[in-house]
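Accompanying notes for the structure given below.
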Amino acid sequence: MKMSETEVEGSIAIEIDRIADDRGFFARIWDEGEFAGVGMRVPWRQANVGFSDRSGTLRGMHFQADPAAEWKLVRCTRGSVFDVAVDLRPGSPSQTPWTGLELSAENGRMLLIPPGCAHGYVTLEPRSEIMYLTSASYAPELAGGVRWNDPQFGITWPMEPTVISPQDAAWPDWQQPGPGGNQ
């Protein structure tokens, strides 16, 4: 795997190494030792799949607050998505508040997203599917979100979403927590 840092501190873009032959290819998407070698010791707790029938479907921007803040390792297994991480961590040294990466079944890229970041994506093709691992189980009482087009983040989406759930459309703009507070 080839790992490179993104604009968001702790978020890593990952290119898989495909071993190809006449049957197709094989690739590792997780290796505990390789990730530990770059300081990532993540105990995965849950695996999720998201499918969207139409291009332009937006899901996000979601996060879980402490004590269930989570790492996410996201991969597109069908179609393509523009995947985004927004840094919500107080005092974060990130260069910009967000990073985005096209993930597709064809390019095999993955995005590792650290705790304290909101996550979302827009589908670039019909019938797109993502698979992602999380380091914490879903805790509805700690789940939250921020508006996908909050002007303080300035996310440059590659297309205007055409399908968005009422819940995702209603997330508020981000408010920085006060002293001692969490997102």
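Convention: chains lettered A, B, ... in structure tokens order; per-chain residue numbering from 1; ligands numbered from 1 as shown.
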**Exercise: region 95-106 of chain A partners within 6 Å, only C-alpha atoms, chain neighbours under 5 positions left out, as a list in words** = Glu7, Cys76, Thr77, Arg78, Gly79, Ser80, Val81, Phe82, Asp83, Val84, Ala85, Val86, Asp87 and Phe153 of chain A
Using DSSP assignments from the backbone, pull out every residue in chain A that falls under alpha helix (DSSP H) and give it to me as a PyMOL selection string.
chain A and resi 32-36+166-169
Just want the 12 Å neighbourhood of Phe26 (chain A), counted on only C-alpha atoms, with same-chain residues fewer than 4 positions away dropped. Output as a list in words.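 Counting only C-alpha atoms, the residues come to Ile16, Asp17, Arg18, Ile19, Ala20, Asp21, Asp22 and Gly108 of chain A.
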For a quick check of understanding, using only C-alpha atoms, which of A:Asn149, A:Thr57, A:Thr134, A:Ser11 has the smallest distance to Trp44 (chain A)?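 For Trp44 (chain A), the nearest of the candidates is A:Thr134.
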Practice task
Taking the DSSP assignment computed from this structure's backbone, write out as a PyMOL selection string all residues of region 31-120 of chain A that belong to strand (DSSP E or B).
Solution key: chain A and resi 46-52+57-64+72-78+80-87+98-104+110-113+117-120
Between A:Lys2, A:Arg54, A:Arg109, A:His119, smallest distance to Val38 (chain A) by only C-alpha atoms belongs to A:Lys2
ask   = Expressed in Å to a single decimal, how great is the separation between CA of Glu32 (chain A) and CA of Leu142 (chain A)?
value =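 Distance reported for this atom pair: 27.4 Å.
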Using only C-alpha atoms for the distances, tell me which of A:Gly56, A:Gly10, A:Pro90, A:Gly24 is nearest to Gly39 (chain A).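 Selected residue with least distance to Gly39 (chain A): A:Gly10.
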Practice task
Go ahead and compute the interatomic distance for CA of Arg41 (chain A) and CA of Glu141 (chain A), in Å to one decimal.
Solution key: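 Distance between the two atoms: 25.7 Å.
Atom to atom, CA of Trp30 (chain A) and CA of Ile12 (chain A) stand 13.0 Å apart.
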* **Surrounding residues of Gly50 (chain A) excluding itself and chain neighbours under 2 positions, 12 Å, only C-alpha atoms, as an MDAnalysis selection string** => chainID A and resid 47:48 52:53 57:60 74:79 81 120:123 127:133
Put those residues in a file: C-alpha atoms, as a PDB file, in the first residue's frame.
ATOM      1  CA  ALA A  47     -18.024  -2.807   9.041  1.00  0.00           C
ATOM      2  CA  ASN A  48     -20.626  -0.891   7.018  1.00  0.00           C
ATOM      3  CA  SER A  52     -26.916   4.716  -3.583  1.00  0.00           C
ATOM      4  CA  ASP A  53     -28.964   4.071  -6.702  1.00  0.00           C
ATOM      5  CA  THR A  57     -26.723  11.318  -3.827  1.00  0.00           C
ATOM      6  CA  LEU A  58     -25.143  13.006  -0.822  1.00  0.00           C
ATOM      7  CA  ARG A  59     -24.671  11.310   2.533  1.00  0.00           C
ATOM      8  CA  GLY A  60     -23.154  13.323   5.362  1.00  0.00           C
ATOM      9  CA  VAL A  74     -13.516   4.105   3.456  1.00  0.00           C
ATOM     10  CA  ARG A  75     -13.364   2.299   0.094  1.00  0.00           C
ATOM     11  CA  CYS A  76     -15.681   2.430  -2.924  1.00  0.00           C
ATOM     12  CA  THR A  77     -16.499  -1.076  -4.158  1.00  0.00           C
ATOM     13  CA  ARG A  78     -18.846  -0.134  -7.026  1.00  0.00           C
ATOM     14  CA  GLY A  79     -19.111   3.045  -9.092  1.00  0.00           C
ATOM     15  CA  VAL A  81     -17.851   8.760  -4.991  1.00  0.00           C
ATOM     16  CA  GLY A 120     -19.614  12.455   3.920  1.00  0.00           C
ATOM     17  CA  TYR A 121     -19.684  11.740   0.212  1.00  0.00           C
ATOM     18  CA  VAL A 122     -21.543  12.396  -2.999  1.00  0.00           C
ATOM     19  CA  THR A 123     -21.999   9.640  -5.582  1.00  0.00           C
ATOM     20  CA  ARG A 127     -25.416   2.397  -8.358  1.00  0.00           C
ATOM     21  CA  SER A 128     -22.356   3.357  -6.294  1.00  0.00           C
ATOM     22  CA  GLU A 129     -21.434   1.456  -3.161  1.00  0.00           C
ATOM     23  CA  ILE A 130     -18.957   2.128  -0.369  1.00  0.00           C
ATOM     24  CA  MET A 131     -17.639  -0.150   2.336  1.00  0.00           C
ATOM     25  CA  TYR A 132     -16.042   1.235   5.456  1.00  0.00           C
ATOM     26  CA  LEU A 133     -14.639   0.060   8.739  1.00  0.00           C
TER      27      LEU A 133
END
Contacts between region 110-117 of chain A and region 46-81 of chain A, please, where a residue of region 46-81 of chain A counts if it comes within 10 Å (with only C-alpha atoms); show its shortest atom pair and distance in Å to one decimal, rows by chain and ascending number, as CSV.
residue,atom,partner,partner_atom,distance
A:Met61,CA,A:Cys117,CA,9.2
A:His62,CA,A:Cys117,CA,8.4
A:Phe63,CA,A:Cys117,CA,6.5
A:Gln64,CA,A:Gly116,CA,7.8
A:Ala65,CA,A:Gly116,CA,7.3
A:Asp66,CA,A:Gly116,CA,8.4
A:Ala68,CA,A:Pro115,CA,8.8
A:Ala69,CA,A:Pro115,CA,5.1
A:Glu70,CA,A:Pro115,CA,4.6
A:Trp71,CA,A:Pro114,CA,4.7
A:Lys72,CA,A:Ile113,CA,5.0
A:Leu73,CA,A:Leu112,CA,4.5
A:Val74,CA,A:Leu111,CA,5.3
A:Arg75,CA,A:Met110,CA,4.7
A:Cys76,CA,A:Met110,CA,7.5
Could you dump the residues just selected with C-alpha atoms as a PDB file, in the first residue's frame?
ATOM      1  CA  MET A  61     -21.582  15.113   7.037  1.00  0.00           C
ATOM      2  CA  HIS A  62     -21.654  12.650   9.975  1.00  0.00           C
ATOM      3  CA  PHE A  63     -19.564  12.158  13.110  1.00  0.00           C
ATOM      4  CA  GLN A  64     -19.747  10.479  16.501  1.00  0.00           C
ATOM      5  CA  ALA A  65     -18.743  12.446  19.602  1.00  0.00           C
ATOM      6  CA  ASP A  66     -16.552  11.141  22.412  1.00  0.00           C
ATOM      7  CA  ALA A  68     -17.448   6.935  20.571  1.00  0.00           C
ATOM      8  CA  ALA A  69     -15.472   9.168  18.191  1.00  0.00           C
ATOM      9  CA  GLU A  70     -14.255   6.861  15.451  1.00  0.00           C
ATOM     10  CA  TRP A  71     -11.616   6.166  12.875  1.00  0.00           C
ATOM     11  CA  LYS A  72     -13.057   5.304   9.450  1.00  0.00           C
ATOM     12  CA  LEU A  73     -11.392   3.479   6.570  1.00  0.00           C
ATOM     13  CA  VAL A  74     -13.516   4.105   3.456  1.00  0.00           C
ATOM     14  CA  ARG A  75     -13.364   2.299   0.094  1.00  0.00           C
ATOM     15  CA  CYS A  76     -15.681   2.430  -2.924  1.00  0.00           C
TER      16      CYS A  76
END
